[in-house]
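Heads up: the structure comes next, in structure tokens.
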Amino acid sequence: MSDERTVSFTLNGSNRSCQIRPRITLADMLRDQFDCTGVHLGCEQGVCGACTVLVDGKTARSCLMLGVQAEGASIRTIEGLVGQGGGLHPVQQAFSAAHALQCGFCTPGMILAAVELLGENPAPSQAQIREALSGNLCRCTGYANIISAVGRAAEALRETQEDAR
Ligand code: FES
Ligand code: FES
């Protein structure tokens, strides 16, 4: 007898559902069943932040959540992040402009952590940016440019009075 469960949730603004075994992580469910390959898997034990997604607007480590825990939730991955005109989101634009990515492995998690921060605090200090990103590791050690990019994104969002979320 199959032990699969049906999980229904919102993914990047669309209603989705799938059949999944209870032991499958949210990260594997998003990558394998929904092609959200921007959900990167580094440590798979909650340390690196590469697998960060937004669950009901809050960052979560999708390697530490089970897919079945997504029931009824609103999940956002890097694939669902767009700017107002349908192009790059201002945080993505700032990462590009500030050369805030090298190999790009940490980038989706960094960007989603920044989106959460700027949605809650449109004018963060550098210390607050550092604190907000402190759970995300960059193996290329590009932290200075990443912090600078988040500051740039904050300025750009304030100028256009856009909500980061
Ligand atoms: Fe989830 Fe590292 S892969 S925290
Ligand atoms: Fe390579 Fe951060 S850009 S891990």
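Chain labels A, B, ... are given in the sequence in which chains occur in the structure tokens; within each chain residues are numbered consecutively from 1, and ligands are likewise numbered from 1 in the order shown.
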Within 8 Å of Val55 in chain A, counting only C-alpha atoms, which residues qualify if same-chain residues fewer than 6 places away don't, as a ChimeraX atom specification?
-> /A:73-76
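When the distance limit is 10 Å and only C-alpha atoms are what count, the residues near Glu155 in chain A, minus those fewer than 6 positions from it on the same chain, are Pro90, Ala94, Pro122, Ala123, Pro124, Ala149 and Gln161 of chain A.
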Neighbours of Cys18 in chain A within 9 Å (only C-alpha atoms; same-chain residues fewer than 3 positions away dropped), as a PyMOL selection string?
-> chain A and resi 5-8+29+33
Any chance you could export the current selection's N, CA, C and O atoms as a PDB file, in the first residue's frame?
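Dumped everything to out-v8.pdb:
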```
ATOM      1  N   ARG A   5       0.953  10.938   0.396  1.00  0.00           N
ATOM      2  CA  ARG A   5      -0.095  11.870   0.827  1.00  0.00           C
ATOM      3  C   ARG A   5      -0.256  12.934  -0.255  1.00  0.00           C
ATOM      4  O   ARG A   5       0.690  13.245  -0.957  1.00  0.00           O
ATOM      5  N   THR A   6      -1.433  13.531  -0.289  1.00  0.00           N
ATOM      6  CA  THR A   6      -1.644  14.671  -1.184  1.00  0.00           C
ATOM      7  C   THR A   6      -1.324  15.952  -0.424  1.00  0.00           C
ATOM      8  O   THR A   6      -1.780  16.130   0.712  1.00  0.00           O
ATOM      9  N   VAL A   7      -0.531  16.800  -1.027  1.00  0.00           N
ATOM     10  CA  VAL A   7      -0.196  18.102  -0.433  1.00  0.00           C
ATOM     11  C   VAL A   7      -0.670  19.182  -1.393  1.00  0.00           C
ATOM     12  O   VAL A   7      -0.379  19.124  -2.586  1.00  0.00           O
ATOM     13  N   SER A   8      -1.407  20.154  -0.874  1.00  0.00           N
ATOM     14  CA  SER A   8      -1.883  21.267  -1.695  1.00  0.00           C
ATOM     15  C   SER A   8      -1.384  22.567  -1.098  1.00  0.00           C
ATOM     16  O   SER A   8      -1.475  22.772   0.117  1.00  0.00           O
ATOM     17  N   MET A  29      10.961  18.018  -2.773  1.00  0.00           N
ATOM     18  CA  MET A  29       9.647  18.115  -3.442  1.00  0.00           C
ATOM     19  C   MET A  29       9.659  19.262  -4.451  1.00  0.00           C
ATOM     20  O   MET A  29       9.218  19.106  -5.593  1.00  0.00           O
ATOM     21  N   GLN A  33       9.594  17.720  -8.115  1.00  0.00           N
ATOM     22  CA  GLN A  33       8.222  17.678  -8.651  1.00  0.00           C
ATOM     23  C   GLN A  33       7.828  18.979  -9.328  1.00  0.00           C
ATOM     24  O   GLN A  33       6.878  19.010 -10.101  1.00  0.00           O
TER      25      GLN A  33
END
```
Tell me which of A:Val115, A:Ala127, A:Leu137, A:Val39 sits closest to ligand 2, counting only C-alpha atoms and all ligand atoms.
-> A:Leu137
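For range 29-117 of chain A, a DSSP pass over the backbone yields strand (DSSP E or B) at A:Thr52, A:Val53, A:Leu54, A:Val55, A:Lys58, A:Thr59, A:Ala60, A:Arg61, A:Leu66, A:Ser74, A:Ile75, A:Arg76.
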Dump as a compact mmCIF listing (two decimals), in the first residue's frame, selection limited to all heavy atoms:
```
# COMPACT_ATOMS: atom_id res chain seq x y z
N THR A 52 17.08 28.12 1.14
CA THR A 52 16.08 29.04 1.70
C THR A 52 14.94 29.30 0.72
O THR A 52 15.16 29.58 -0.46
CB THR A 52 16.76 30.38 2.06
OG1 THR A 52 17.76 30.13 3.04
CG2 THR A 52 15.75 31.40 2.57
N VAL A 53 13.72 29.22 1.22
CA VAL A 53 12.53 29.64 0.48
C VAL A 53 11.71 30.51 1.43
O VAL A 53 12.00 30.57 2.62
CB VAL A 53 11.69 28.43 -0.02
CG1 VAL A 53 12.50 27.56 -0.98
CG2 VAL A 53 11.17 27.59 1.15
N LEU A 54 10.69 31.17 0.89
CA LEU A 54 9.78 31.92 1.75
C LEU A 54 8.52 31.09 1.96
O LEU A 54 7.90 30.64 0.99
CB LEU A 54 9.43 33.27 1.12
CG LEU A 54 10.60 34.25 0.95
CD1 LEU A 54 10.15 35.50 0.19
CD2 LEU A 54 11.19 34.64 2.30
N VAL A 55 8.18 30.86 3.20
CA VAL A 55 6.96 30.14 3.55
C VAL A 55 6.06 31.13 4.29
O VAL A 55 6.43 31.62 5.36
CB VAL A 55 7.26 28.91 4.44
CG1 VAL A 55 5.96 28.20 4.82
CG2 VAL A 55 8.19 27.94 3.73
N LYS A 58 7.98 34.19 5.27
CA LYS A 58 9.12 34.09 6.18
C LYS A 58 10.14 33.10 5.62
O LYS A 58 9.75 32.04 5.10
CB LYS A 58 8.68 33.59 7.56
CG LYS A 58 7.72 34.53 8.26
CD LYS A 58 8.47 35.71 8.80
CE LYS A 58 7.57 36.62 9.61
NZ LYS A 58 8.21 37.91 9.90
N THR A 59 11.41 33.40 5.79
CA THR A 59 12.42 32.47 5.30
C THR A 59 12.36 31.15 6.07
O THR A 59 12.14 31.13 7.28
CB THR A 59 13.84 33.06 5.43
OG1 THR A 59 14.01 33.54 6.76
CG2 THR A 59 14.08 34.17 4.44
N ALA A 60 12.56 30.09 5.32
CA ALA A 60 12.59 28.75 5.93
C ALA A 60 13.63 27.93 5.19
O ALA A 60 13.86 28.14 3.99
CB ALA A 60 11.23 28.09 5.83
N ARG A 61 14.24 27.01 5.89
CA ARG A 61 15.22 26.10 5.27
C ARG A 61 14.46 24.89 4.77
O ARG A 61 13.99 24.07 5.56
CB ARG A 61 16.28 25.71 6.31
CG ARG A 61 17.12 26.93 6.54
CD ARG A 61 18.06 26.82 7.69
NE ARG A 61 18.52 28.17 7.90
CZ ARG A 61 19.75 28.61 7.63
NH1 ARG A 61 20.65 27.78 7.23
NH2 ARG A 61 20.05 29.86 7.77
N LEU A 66 9.50 19.13 5.89
CA LEU A 66 8.96 18.06 5.07
C LEU A 66 8.00 18.66 4.05
O LEU A 66 7.33 19.67 4.33
CB LEU A 66 8.23 17.04 5.94
CG LEU A 66 9.14 16.28 6.91
CD1 LEU A 66 8.32 15.48 7.90
CD2 LEU A 66 10.12 15.39 6.15
N SER A 74 1.78 29.20 1.58
CA SER A 74 2.17 29.93 0.38
C SER A 74 3.70 29.89 0.31
O SER A 74 4.38 30.41 1.18
CB SER A 74 1.68 31.37 0.47
OG SER A 74 2.18 32.10 -0.62
N ILE A 75 4.22 29.22 -0.72
CA ILE A 75 5.67 29.03 -0.86
C ILE A 75 6.17 29.92 -2.00
O ILE A 75 5.57 29.96 -3.07
CB ILE A 75 6.01 27.56 -1.23
CG1 ILE A 75 5.32 26.58 -0.30
CG2 ILE A 75 7.53 27.36 -1.28
CD1 ILE A 75 5.95 26.38 1.01
N ARG A 76 7.26 30.58 -1.74
CA ARG A 76 7.88 31.36 -2.81
C ARG A 76 9.33 30.95 -2.94
O ARG A 76 10.07 30.88 -1.95
CB ARG A 76 7.79 32.84 -2.47
CG ARG A 76 8.00 33.74 -3.65
CD ARG A 76 7.42 35.09 -3.31
NE ARG A 76 7.62 36.01 -4.37
CZ ARG A 76 7.75 37.33 -4.17
NH1 ARG A 76 7.68 37.80 -2.95
NH2 ARG A 76 7.92 38.14 -5.18
```
Neighbours of ligand 1 within 7 Å, counting only C-alpha atoms and all ligand atoms, as a VMD selection string?
-> chain A and resid 40 to 52 61 to 64
Pick out each residue of range 3-150 of chain A that DSSP on the backbone tags as helix (DSSP H, G or I); I need them as a PyMOL selection string.
-> chain A and resi 26-34+67-70+78-80+90-97+107-120+126-132+143-150
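Minimum atom-to-atom distance to ligand 2, evaluated using only C-alpha atoms and all ligand atoms, belongs to A:Met110 out of A:Ile20, A:Leu133, A:Ala156, A:Met110.
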